[in-house]
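The structure under discussion appears below in the form of structure tokens.
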Amino acid sequence: LNSLATSWKDLDNNKAYQFAEEAMLLSEKLADKENLALALEQLGWITYRRGNYRLSLDYALKAIDLYEGLDNAPGRGRVLMNIGAIHVE
């Protein structure tokens with residue numbers, strides 16, 4: 001589902017959001033922190049592109065907390081760049 005969200009986020013924000021939201025819910029149910037972090041990252045970027053900066057920041061902060069707990073430096077780096085973009089707006 002996360003791969004589908006990634007594939008669709010530049011083509012159809014609504015469809016990408018649906019896939020990312022489904023990925024988030026499934027990851028929560030399965031206690032899969034890695035995919036949950038990625039789903040939150042996706043949701044953050046999609047809501048950023050929609051202009052909802054507050055919600056985007058909320059998703060990004062949740063994602064970065066998970067990435068830090070997983071010691072996932074590339075994930076943290078991507079989310080930090082997204083947070084920087086949010087603050088520019």
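Quick note on naming: the chains in the structure tokens go A, B, ... in the order shown, residues restart at 1 in each chain, and ligands are numbered from 1 in order of appearance.
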
Exercise: stretch 59-74 of chain A partners within 6 Å, only C-alpha atoms, chain neighbours under 3 positions left out, as a list in words | Ala37, Leu40, Glu41, Gly44, Ser56 and Gly77 of chain A

Using N, CA, C and O atoms, can you export the residues from the last selection as a short mmCIF file (atom, residue, chain, number, x, y, z; two decimals), in the first residue's frame?
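The new file result.cif reads:
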data_model
loop_
_atom_site.label_atom_id
_atom_site.label_comp_id
_atom_site.auth_asym_id
_atom_site.auth_seq_id
_atom_site.Cartn_x
_atom_site.Cartn_y
_atom_site.Cartn_z
N ALA A 37 5.68 4.32 9.92
CA ALA A 37 6.46 5.54 9.73
C ALA A 37 6.40 6.00 8.27
O ALA A 37 6.21 7.19 8.00
N LEU A 40 2.94 7.45 7.51
CA LEU A 40 2.81 8.80 8.07
C LEU A 40 3.62 9.81 7.27
O LEU A 40 3.18 10.95 7.06
N GLU A 41 4.80 9.39 6.83
CA GLU A 41 5.62 10.26 5.97
C GLU A 41 4.86 10.60 4.69
O GLU A 41 4.82 11.76 4.26
N GLY A 44 2.00 12.93 5.40
CA GLY A 44 2.53 14.27 5.63
C GLY A 44 2.84 15.00 4.34
O GLY A 44 2.50 16.18 4.18
N SER A 56 0.06 18.36 7.99
CA SER A 56 1.28 17.81 7.42
C SER A 56 2.38 17.72 8.48
O SER A 56 3.07 16.70 8.60
N GLY A 77 15.97 11.62 7.62
CA GLY A 77 16.43 12.67 6.71
C GLY A 77 15.34 13.16 5.78
O GLY A 77 15.18 14.37 5.59
#

Would you please give, as JSON, numbers by chain, all residues of chain A that DSSP assigns to helix (DSSP H, G or I) based on the backbone?
-> {"A": [2, 3, 4, 5, 6, 7, 8, 13, 14, 15, 16, 17, 18, 19, 20, 21, 22, 23, 24, 25, 26, 27, 28, 29, 30, 33, 34, 35, 36, 37, 38, 39, 40, 41, 42, 43, 44, 45, 46, 47, 48, 49, 53, 54, 55, 56, 57, 58, 59, 60, 61, 62, 63, 64, 65, 66, 67, 68, 69, 73, 74, 75, 76, 77, 78, 79, 80, 81, 82, 83, 84, 85, 86, 87, 88]}

Kindly assemble as JSON lines a list of the stretch 2-67 of chain A residues that lie within 7 Å of stretch 81-88 of chain A, each paired with its nearest atom pair and their distance in Å to one decimal, using only C-alpha atoms, sorted first by chain and then by ascending residue number.
{"residue": "A:Trp45", "atom": "CA", "partner": "A:Asn82", "partner_atom": "CA", "distance": 6.9}
{"residue": "A:Tyr48", "atom": "CA", "partner": "A:Ile86", "partner_atom": "CA", "distance": 6.9}
{"residue": "A:Tyr53", "atom": "CA", "partner": "A:Ile86", "partner_atom": "CA", "distance": 6.1}
{"residue": "A:Leu57", "atom": "CA", "partner": "A:Ile83", "partner_atom": "CA", "distance": 6.6}
{"residue": "A:Ala60", "atom": "CA", "partner": "A:Ile83", "partner_atom": "CA", "distance": 6.8}

Okay, now the selection with N, CA, C and O atoms, as a PDB file, in the first residue's frame?
ATOM      1  N   TRP A  45       3.463  14.303   3.399  1.00  0.00           N
ATOM      2  CA  TRP A  45       3.813  14.955   2.131  1.00  0.00           C
ATOM      3  C   TRP A  45       2.570  15.271   1.307  1.00  0.00           C
ATOM      4  O   TRP A  45       2.448  16.340   0.717  1.00  0.00           O
ATOM      5  N   TYR A  48       0.857  18.191   2.785  1.00  0.00           N
ATOM      6  CA  TYR A  48       1.668  19.376   2.462  1.00  0.00           C
ATOM      7  C   TYR A  48       1.313  19.870   1.060  1.00  0.00           C
ATOM      8  O   TYR A  48       1.076  21.056   0.842  1.00  0.00           O
ATOM      9  N   TYR A  53      -0.751  22.609   6.048  1.00  0.00           N
ATOM     10  CA  TYR A  53       0.571  22.549   6.656  1.00  0.00           C
ATOM     11  C   TYR A  53       0.538  22.072   8.101  1.00  0.00           C
ATOM     12  O   TYR A  53       1.446  21.369   8.536  1.00  0.00           O
ATOM     13  N   LEU A  57       2.519  18.768   9.270  1.00  0.00           N
ATOM     14  CA  LEU A  57       3.519  18.776  10.340  1.00  0.00           C
ATOM     15  C   LEU A  57       3.202  17.715  11.391  1.00  0.00           C
ATOM     16  O   LEU A  57       4.110  17.037  11.883  1.00  0.00           O
ATOM     17  N   ALA A  60       4.292  14.448   9.998  1.00  0.00           N
ATOM     18  CA  ALA A  60       5.756  14.400   9.914  1.00  0.00           C
ATOM     19  C   ALA A  60       6.390  14.163  11.286  1.00  0.00           C
ATOM     20  O   ALA A  60       7.335  13.378  11.411  1.00  0.00           O
TER      21      ALA A  60
END

Nearby residues (only C-alpha atoms) at most 9 Å from stretch 21-27 of chain A, same-chain spacing under 2 positions excluded, as a PyMOL selection string | chain A and resi 1-2+5+16-19+29-40+42-43

Can you work out the spacing between atom CA of A:Ser3 and atom CA of A:Arg76 in Å, to one decimal?
-> 18.3 Å

Could you tell me how far atom CA of A:Arg49 lies from atom CA of A:Glu28, in Å and to one decimal?
->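 Between atom CA of A:Arg49 and atom CA of A:Glu28 the gap is 24.2 Å.
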
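Take atom CA of A:Ala20 and atom CA of A:Glu89: the distance between them is 23.1 Å.
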